[in-house]
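Everything below concerns the one structure shown next.
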Amino acid sequence: MTETPPLLVIHQLEVRYGKIPALSGLELQLAAGEMVCLLGANGAGKSSALKAIAGLLRPQSGEIRYRNEVINALRPDQRLRCGIALVPEGRGIFQALSVAENLRLGSYCRADRQTVKEELDAILDRLPRLRERLKQRAGTLSGGEQQMLALARALLARPQLLLLDEPSLGLAPLMVQEVYRFIEQIRAQGVAILLVEQNTQLALRHASRAYLLKAGRLVYSGDSKHLHADPALRQSYLGA
Ligand code: ATP
C-alpha cells in the first residue's frame with residue numbers, strides 16, 4: 001500500500017537577507033488538514049519561513065515541495081492558484097478600500113464567479129459583523145474584524161494550505177478567542193494550517209505539532225502536548 005505524501009515538505013531551506021542568515025537548514029513537514037505551529041523569539045526566522053513558502057522570498061538553497069512537486073520556481077500568484085494562501089503579519093488589508101472590495105481581491109485568481117458568490121455568502125453567514133460592514137472602509141474596522149476579513153479573503157482563494165502570521169497580534173483576549181474559533185472552523189473543513197504565533201501557549205493549545213526556531217535553526221520539533229508540558233524546554237528556547 002502506498003502512503004499519501006505530506007502536503008508540504010521543506011528540506012534544507014536556507015534564506016538570507018544579504019549576509020544576514022534568516023533560516024539555516026530548515027526541515028518541516030505538514031500533512032493535509034493538519035494544524036502545526038512554528039515558534040521562536042523575535043527574529044528567529046518564522047516570518048521568513050512563511051514568506052519563502054508563499055513565494056515572497058527566494059531561498060538561497062533547499063527545497064519546498066507541495067503536493068509532491070518542487071515549487072521553488074513558482075511565483076506567489078502561481079502558488080496561490082495551487083492553494084497556498086498567506087495571511088501576513090499586520091493582515092495586509094487595504095485600509096482605503098471597502099470590506100467588499102477587499103473580499104473581491106481574495107478571489108481574483110478564480111473564474112467560477114457563481115461558486116465564489118455562494119462561498120462568500122457561506123463565509124459571511126459565519127461572520128455577520130463583516131456582512132453588516134460590507135460597504136464600510138476596511139480601515140474603520142477593529143483589529144479583530146480586520147483579522148476576520150483577512151482570513152475570509154484568504155479563504156476565497158480556496159486554499160489547501162493557509163499560512164498565518166501572528167493572527168492574535170494586538171487583539172483583546174475575547175477577540176483572540178473569536179479569531180481562533182474561526183481558525184478552528186477553517187481547519188475542520190480540511191485546510192492545513194501553518195501557524196506562527198508569539199503567544200506560545202495559545203499556539204500549542206491549537207496546533208497538534210510544533211517546530212521551534214532559534215536564530216534561524218530548528219531546535220525542536222514534536223508534539224505540542226510535549227512542549228506544553230515541559231516549561232523548562234519552553235523557557236530554554238522561548239523564555240516563555
Ligand atoms: P518577528 O516575530 O520579530 O517577526 P521572526 O521570527 O518572524 O521575527 P524574521 O522576520 O523572519 O523573524 O527575521 C529573521 C531574521 O532576518 C532576523 O535577523 C531579521 O532581522 C532578519 N530580517 C527579516 N527581514 C529582513 C529584511 N527585510 N532585511 C534584512 N533583514 C531582515
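Just so we're on the same page: first chain in the C-alpha cells is A, next is B, and so on; residues restart at 1 for each chain, and ligands are numbered from 1 in the order they show up.
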When the cut-off is 7 Å and you count only C-alpha atoms and all ligand atoms, which residues lie near ligand 1, shown as a list of chain:residue names?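 Selection of residues at most 7 Å from ligand 1: A:Tyr17, A:Ile20, A:Pro21, A:Ala22, A:Gly40, A:Ala41, A:Asn42, A:Gly43, A:Ala44, A:Gly45, A:Lys46, A:Ser47, A:Ser48, A:Ala49, A:Gln198, A:Gly216.
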Using the selection just defined, write its residues with all heavy atoms as an mmCIF file, in the first residue's frame.
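Writing the result to selection.cif gives the following:
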```
data_model
loop_
_atom_site.group_PDB
_atom_site.id
_atom_site.type_symbol
_atom_site.label_atom_id
_atom_site.label_comp_id
_atom_site.auth_asym_id
_atom_site.auth_seq_id
_atom_site.Cartn_x
_atom_site.Cartn_y
_atom_site.Cartn_z
ATOM 1 N N TYR A 17 19.169 37.475 4.063
ATOM 2 C CA TYR A 17 18.980 38.844 3.582
ATOM 3 C C TYR A 17 20.383 39.413 3.426
ATOM 4 O O TYR A 17 21.002 39.767 4.430
ATOM 5 C CB TYR A 17 18.196 39.679 4.587
ATOM 6 C CG TYR A 17 16.788 39.169 4.850
ATOM 7 C CD1 TYR A 17 16.522 38.322 5.918
ATOM 8 C CD2 TYR A 17 15.735 39.543 4.028
ATOM 9 C CE1 TYR A 17 15.240 37.861 6.166
ATOM 10 C CE2 TYR A 17 14.443 39.091 4.270
ATOM 11 C CZ TYR A 17 14.210 38.252 5.339
ATOM 12 O OH TYR A 17 12.937 37.798 5.581
ATOM 13 N N ILE A 20 22.891 38.492 6.108
ATOM 14 C CA ILE A 20 22.203 38.089 7.349
ATOM 15 C C ILE A 20 21.442 36.778 7.130
ATOM 16 O O ILE A 20 20.511 36.729 6.316
ATOM 17 C CB ILE A 20 21.195 39.170 7.804
ATOM 18 C CG1 ILE A 20 21.908 40.510 7.988
ATOM 19 C CG2 ILE A 20 20.463 38.772 9.070
ATOM 20 C CD1 ILE A 20 20.972 41.675 8.223
ATOM 21 N N PRO A 21 21.800 35.707 7.863
ATOM 22 C CA PRO A 21 21.049 34.465 7.699
ATOM 23 C C PRO A 21 19.724 34.538 8.458
ATOM 24 O O PRO A 21 19.702 34.960 9.616
ATOM 25 C CB PRO A 21 21.978 33.401 8.298
ATOM 26 C CG PRO A 21 22.870 34.142 9.238
ATOM 27 C CD PRO A 21 22.902 35.588 8.827
ATOM 28 N N ALA A 22 18.632 34.189 7.799
ATOM 29 C CA ALA A 22 17.322 34.193 8.470
ATOM 30 C C ALA A 22 16.879 32.764 8.764
ATOM 31 O O ALA A 22 16.232 32.495 9.776
ATOM 32 C CB ALA A 22 16.302 34.909 7.609
ATOM 33 N N GLY A 40 9.169 30.697 18.069
ATOM 34 C CA GLY A 40 10.527 31.212 18.232
ATOM 35 C C GLY A 40 10.463 32.661 18.659
ATOM 36 O O GLY A 40 9.447 33.331 18.459
ATOM 37 N N ALA A 41 11.556 33.146 19.238
ATOM 38 C CA ALA A 41 11.599 34.536 19.708
ATOM 39 C C ALA A 41 11.634 35.488 18.520
ATOM 40 O O ALA A 41 11.704 35.046 17.363
ATOM 41 C CB ALA A 41 12.832 34.722 20.583
ATOM 42 N N ASN A 42 11.598 36.786 18.796
ATOM 43 C CA ASN A 42 11.707 37.793 17.737
ATOM 44 C C ASN A 42 12.955 37.556 16.907
ATOM 45 O O ASN A 42 14.030 37.346 17.462
ATOM 46 C CB ASN A 42 11.832 39.199 18.348
ATOM 47 C CG ASN A 42 10.471 39.742 18.717
ATOM 48 O OD1 ASN A 42 9.454 39.298 18.186
ATOM 49 N ND2 ASN A 42 10.450 40.688 19.637
ATOM 50 N N GLY A 43 12.784 37.601 15.585
ATOM 51 C CA GLY A 43 13.942 37.465 14.704
ATOM 52 C C GLY A 43 14.399 36.031 14.498
ATOM 53 O O GLY A 43 15.438 35.794 13.873
ATOM 54 N N ALA A 44 13.636 35.051 14.991
ATOM 55 C CA ALA A 44 14.053 33.647 14.866
ATOM 56 C C ALA A 44 13.946 33.121 13.443
ATOM 57 O O ALA A 44 14.559 32.105 13.096
ATOM 58 C CB ALA A 44 13.219 32.777 15.804
ATOM 59 N N GLY A 45 13.140 33.795 12.611
ATOM 60 C CA GLY A 45 13.029 33.369 11.216
ATOM 61 C C GLY A 45 11.645 32.871 10.816
ATOM 62 O O GLY A 45 11.447 32.362 9.707
ATOM 63 N N LYS A 46 10.661 33.050 11.695
ATOM 64 C CA LYS A 46 9.323 32.500 11.456
ATOM 65 C C LYS A 46 8.657 33.121 10.227
ATOM 66 O O LYS A 46 8.165 32.416 9.347
ATOM 67 C CB LYS A 46 8.427 32.712 12.700
ATOM 68 C CG LYS A 46 9.046 32.202 13.989
ATOM 69 C CD LYS A 46 8.183 32.462 15.201
ATOM 70 C CE LYS A 46 7.891 33.915 15.505
ATOM 71 N NZ LYS A 46 9.064 34.718 15.940
ATOM 72 N N SER A 47 8.649 34.470 10.188
ATOM 73 C CA SER A 47 8.001 35.146 9.050
ATOM 74 C C SER A 47 8.739 34.828 7.757
ATOM 75 O O SER A 47 8.112 34.681 6.700
ATOM 76 C CB SER A 47 7.994 36.661 9.240
ATOM 77 O OG SER A 47 7.263 36.989 10.377
ATOM 78 N N SER A 48 10.065 34.730 7.837
ATOM 79 C CA SER A 48 10.839 34.419 6.633
ATOM 80 C C SER A 48 10.431 33.053 6.080
ATOM 81 O O SER A 48 10.345 32.873 4.862
ATOM 82 C CB SER A 48 12.340 34.423 6.930
ATOM 83 O OG SER A 48 12.725 35.693 7.407
ATOM 84 N N ALA A 49 10.168 32.094 6.975
ATOM 85 C CA ALA A 49 9.752 30.759 6.522
ATOM 86 C C ALA A 49 8.415 30.856 5.778
ATOM 87 O O ALA A 49 8.258 30.307 4.680
ATOM 88 C CB ALA A 49 9.639 29.820 7.719
ATOM 89 N N GLN A 198 3.410 34.526 18.478
ATOM 90 C CA GLN A 198 4.231 34.928 19.625
ATOM 91 C C GLN A 198 3.629 34.340 20.894
ATOM 92 O O GLN A 198 4.336 34.052 21.847
ATOM 93 C CB GLN A 198 4.245 36.462 19.757
ATOM 94 C CG GLN A 198 5.097 37.171 18.733
ATOM 95 C CD GLN A 198 6.580 37.135 19.069
ATOM 96 O OE1 GLN A 198 6.960 36.845 20.193
ATOM 97 N NE2 GLN A 198 7.411 37.407 18.081
ATOM 98 N N GLY A 216 17.169 31.141 13.404
ATOM 99 C CA GLY A 216 17.094 30.532 12.079
ATOM 100 C C GLY A 216 17.312 29.031 12.030
ATOM 101 O O GLY A 216 17.227 28.422 10.962
#
```
Shell around Val15 of chain A at 6 Å using only C-alpha atoms, local window under 3 positions removed, as a list of chain:residue names: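 Near neighbours after the sequence-gap exclusion: A:Ala22, A:Leu23, A:Pro59, A:Gln60.
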Residue selection dump (N, CA, C and O atoms) as an mmCIF file, in the first residue's frame:
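Output saved as part_23.cif:
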```
data_model
loop_
_atom_site.group_PDB
_atom_site.id
_atom_site.type_symbol
_atom_site.label_atom_id
_atom_site.label_comp_id
_atom_site.auth_asym_id
_atom_site.auth_seq_id
_atom_site.Cartn_x
_atom_site.Cartn_y
_atom_site.Cartn_z
ATOM 1 N N ALA A 22 18.632 34.189 7.799
ATOM 2 C CA ALA A 22 17.322 34.193 8.470
ATOM 3 C C ALA A 22 16.879 32.764 8.764
ATOM 4 O O ALA A 22 16.232 32.495 9.776
ATOM 5 N N LEU A 23 17.221 31.813 7.873
ATOM 6 C CA LEU A 23 16.884 30.401 8.077
ATOM 7 C C LEU A 23 18.065 29.553 7.626
ATOM 8 O O LEU A 23 18.610 29.786 6.540
ATOM 9 N N PRO A 59 14.552 31.524 -1.564
ATOM 10 C CA PRO A 59 15.599 30.905 -0.741
ATOM 11 C C PRO A 59 16.922 30.770 -1.511
ATOM 12 O O PRO A 59 16.903 30.630 -2.731
ATOM 13 N N GLN A 60 18.037 30.819 -0.773
ATOM 14 C CA GLN A 60 19.347 30.638 -1.407
ATOM 15 C C GLN A 60 19.530 29.184 -1.827
ATOM 16 O O GLN A 60 20.120 28.895 -2.849
#
```
Looking at A:Val219, A:Met35, A:Ile53, A:Leu97, which one is nearest to Ser236 of chain A, with distances taken over only C-alpha atoms?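 Under the stated criterion, the closest residue is A:Val219.
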Where does DSSP see strand (DSSP E) in segment 177-240 of chain A, if you list the residues as a PyMOL selection string? chain A and resi 192-196+209-214+217-223
Which residue is closest to Leu124 of chain A? Choose from A:Gln160, A:Ala192, A:Gly25, A:Leu149 and count only C-alpha atoms. A:Leu149
So, with only C-alpha atoms as the atoms that count, which of A:Arg234, A:Ala31, A:Cys37, A:Arg104 lies closest to Leu202 of chain A?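 Closest residue, counting only C-alpha atoms: A:Cys37.
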All residues 10 Å or closer to Gln136 of chain A, only C-alpha atoms, same chain fewer than 3 positions away omitted, as a ChimeraX atom specification: /A:96-101,130,132-133,139-141
My list of candidates is A:Ile193, A:Pro173, A:Leu50, A:Leu57. Which is closest to Arg16 of chain A when distances are computed with only C-alpha atoms?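 Checking each candidate against Arg16 of chain A, we get A:Leu57 as the closest.
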Near-Ala172 of chain A list (12 Å; only C-alpha atoms; drop same-chain fewer than 6 positions) as an MDAnalysis selection string: chainID A and resid 142:145 178:179
Calculated over only C-alpha atoms, which of the candidates A:Glu27, A:Glu3, A:Glu119, A:Glu34 has the smallest distance to Leu213 of chain A? A:Glu27
Give me every alpha helix (DSSP H) residue in segment 103-153 of chain A, going by DSSP on the backbone, as a PyMOL selection string. chain A and resi 103-106+113-126+128-132+143-153
Can I get the selected residues back with N, CA, C and O atoms, as a CSV table (one decimal), in the first residue's frame?
```csv
chain,number,residue,atom,x,y,z
A,103,LEU,N,-12.6,41.8,0.0
A,103,LEU,CA,-13.0,40.4,-0.2
A,103,LEU,C,-12.9,40.0,-1.7
A,103,LEU,O,-12.5,38.9,-2.0
A,104,ARG,N,-13.3,40.9,-2.6
A,104,ARG,CA,-13.2,40.6,-4.0
A,104,ARG,C,-11.8,40.3,-4.4
A,104,ARG,O,-11.6,39.4,-5.3
A,105,LEU,N,-10.8,41.0,-3.8
A,105,LEU,CA,-9.4,40.7,-4.2
A,105,LEU,C,-9.0,39.3,-3.9
A,105,LEU,O,-8.1,38.7,-4.5
A,106,GLY,N,-9.7,38.7,-2.9
A,106,GLY,CA,-9.3,37.3,-2.5
A,106,GLY,C,-9.7,36.3,-3.5
A,106,GLY,O,-9.1,35.2,-3.6
A,113,ARG,N,-17.3,32.5,-11.0
A,113,ARG,CA,-17.9,33.6,-10.2
A,113,ARG,C,-19.1,33.2,-9.4
A,113,ARG,O,-19.3,33.6,-8.3
A,114,GLN,N,-19.9,32.3,-9.9
A,114,GLN,CA,-21.1,31.9,-9.2
A,114,GLN,C,-20.8,31.1,-7.9
A,114,GLN,O,-21.3,31.4,-6.8
A,115,THR,N,-19.8,30.2,-8.0
A,115,THR,CA,-19.4,29.4,-6.8
A,115,THR,C,-18.7,30.4,-5.8
A,115,THR,O,-18.9,30.2,-4.6
A,116,VAL,N,-17.9,31.4,-6.3
A,116,VAL,CA,-17.3,32.3,-5.4
A,116,VAL,C,-18.4,33.0,-4.6
A,116,VAL,O,-18.3,33.2,-3.4
A,117,LYS,N,-19.4,33.4,-5.3
A,117,LYS,CA,-20.5,34.2,-4.7
A,117,LYS,C,-21.2,33.3,-3.6
A,117,LYS,O,-21.4,33.8,-2.5
A,118,GLU,N,-21.4,32.0,-3.9
A,118,GLU,CA,-22.0,31.1,-2.9
A,118,GLU,C,-21.1,30.9,-1.7
A,118,GLU,O,-21.5,30.9,-0.5
A,119,GLU,N,-19.8,30.8,-2.0
A,119,GLU,CA,-18.8,30.6,-0.9
A,119,GLU,C,-18.7,31.8,0.0
A,119,GLU,O,-18.7,31.7,1.2
A,120,LEU,N,-18.7,33.0,-0.7
A,120,LEU,CA,-18.7,34.2,0.1
A,120,LEU,C,-19.9,34.3,1.0
A,120,LEU,O,-19.8,34.7,2.2
A,121,ASP,N,-21.0,34.0,0.5
A,121,ASP,CA,-22.3,34.0,1.2
A,121,ASP,C,-22.2,33.1,2.5
A,121,ASP,O,-22.6,33.5,3.6
A,122,ALA,N,-21.6,31.9,2.3
A,122,ALA,CA,-21.5,31.0,3.4
A,122,ALA,C,-20.5,31.5,4.4
A,122,ALA,O,-20.7,31.3,5.6
A,123,ILE,N,-19.4,32.1,4.0
A,123,ILE,CA,-18.4,32.7,4.9
A,123,ILE,C,-19.1,33.8,5.7
A,123,ILE,O,-19.0,33.9,6.9
A,124,LEU,N,-19.8,34.7,5.0
A,124,LEU,CA,-20.4,35.9,5.7
A,124,LEU,C,-21.6,35.4,6.6
A,124,LEU,O,-21.8,36.1,7.6
A,125,ASP,N,-22.2,34.3,6.4
A,125,ASP,CA,-23.1,33.7,7.3
A,125,ASP,C,-22.5,33.5,8.7
A,125,ASP,O,-23.1,33.6,9.7
A,126,ARG,N,-21.2,33.1,8.6
A,126,ARG,CA,-20.4,32.8,9.8
A,126,ARG,C,-19.9,34.1,10.5
A,126,ARG,O,-19.4,34.0,11.6
A,128,PRO,N,-21.3,37.5,10.7
A,128,PRO,CA,-22.3,38.5,10.5
A,128,PRO,C,-21.8,40.0,10.6
A,128,PRO,O,-22.3,40.9,9.9
A,129,ARG,N,-20.8,40.2,11.5
A,129,ARG,CA,-20.3,41.6,11.7
A,129,ARG,C,-19.7,42.1,10.4
A,129,ARG,O,-19.8,43.3,10.1
A,130,LEU,N,-19.0,41.2,9.6
A,130,LEU,CA,-18.4,41.6,8.4
A,130,LEU,C,-19.5,41.9,7.3
A,130,LEU,O,-19.5,42.8,6.5
A,131,ARG,N,-20.6,41.1,7.4
A,131,ARG,CA,-21.7,41.3,6.4
A,131,ARG,C,-22.3,42.6,6.6
A,131,ARG,O,-22.6,43.3,5.6
A,132,GLU,N,-22.5,43.0,7.9
A,132,GLU,CA,-23.1,44.3,8.2
A,132,GLU,C,-22.2,45.5,7.7
A,132,GLU,O,-22.7,46.6,7.5
A,143,GLY,N,-9.4,45.8,15.1
A,143,GLY,CA,-8.3,44.9,14.7
A,143,GLY,C,-8.8,43.4,14.5
A,143,GLY,O,-8.4,42.8,13.6
A,144,GLY,N,-9.7,43.0,15.4
A,144,GLY,CA,-10.2,41.7,15.3
A,144,GLY,C,-11.0,41.5,14.0
A,144,GLY,O,-10.9,40.4,13.3
A,145,GLU,N,-11.8,42.5,13.7
A,145,GLU,CA,-12.6,42.4,12.5
A,145,GLU,C,-11.7,42.4,11.2
A,145,GLU,O,-12.0,41.7,10.2
A,146,GLN,N,-10.6,43.1,11.3
A,146,GLN,CA,-9.7,43.1,10.2
A,146,GLN,C,-9.0,41.8,10.0
A,146,GLN,O,-8.8,41.3,8.9
A,147,GLN,N,-8.8,41.1,11.1
A,147,GLN,CA,-8.2,39.8,11.1
A,147,GLN,C,-9.2,38.8,10.5
A,147,GLN,O,-8.8,37.9,9.6
A,148,MET,N,-10.5,38.9,10.8
A,148,MET,CA,-11.5,38.0,10.3
A,148,MET,C,-11.6,38.3,8.7
A,148,MET,O,-11.8,37.4,8.0
A,149,LEU,N,-11.5,39.6,8.4
A,149,LEU,CA,-11.6,40.0,7.0
A,149,LEU,C,-10.4,39.3,6.2
A,149,LEU,O,-10.6,38.8,5.1
A,150,ALA,N,-9.2,39.4,6.8
A,150,ALA,CA,-8.0,38.8,6.1
A,150,ALA,C,-8.2,37.3,6.0
A,150,ALA,O,-7.8,36.8,4.9
A,151,LEU,N,-8.8,36.7,7.0
A,151,LEU,CA,-9.0,35.2,6.9
A,151,LEU,C,-10.0,34.9,5.8
A,151,LEU,O,-9.8,34.0,5.0
A,152,ALA,N,-11.1,35.7,5.8
A,152,ALA,CA,-12.2,35.4,4.9
A,152,ALA,C,-11.7,35.6,3.5
A,152,ALA,O,-11.9,34.8,2.6
A,153,ARG,N,-10.9,36.7,3.3
A,153,ARG,CA,-10.3,37.0,1.9
A,153,ARG,C,-9.4,35.8,1.5
A,153,ARG,O,-9.5,35.4,0.3
```
Between atom CA of Leu238 of chain A and atom CA of Asp165 of chain A, measure the distance and give it in Å to one decimal. 17.3 Å
Contacts of segment 4-7 of chain A within 9 Å, only C-alpha atoms, excl. fewer than 2 positions in-chain, as a PyMOL selection string: chain A and resi 2+9+29-33+65-68+160-161+192
Using only C-alpha atoms, which residue out of A:Leu204, A:Leu155, A:Leu26, A:Leu38 lies closest to Ile84 of chain A?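 Closest candidate: A:Leu155.
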Would you mind listing what lies within 9 Å of Arg158 of chain A as a list in words, with only C-alpha atoms counted and same-chain residues fewer than 4 positions away left out?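 After dropping sequence-adjacent residues, the list is Leu80, Arg81, Gly83, Ile84, Ala85, Ser107, Ala154 and Val191 of chain A.
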How many Å lie between atom CA of Gln235 of chain A and atom CA of Asn199 of chain A, rounded to one decimal? 13.5 Å
What does the distance between atom CA of Gly62 of chain A and atom CA of Leu39 of chain A come to in Å, to one decimal place? 20.6 Å
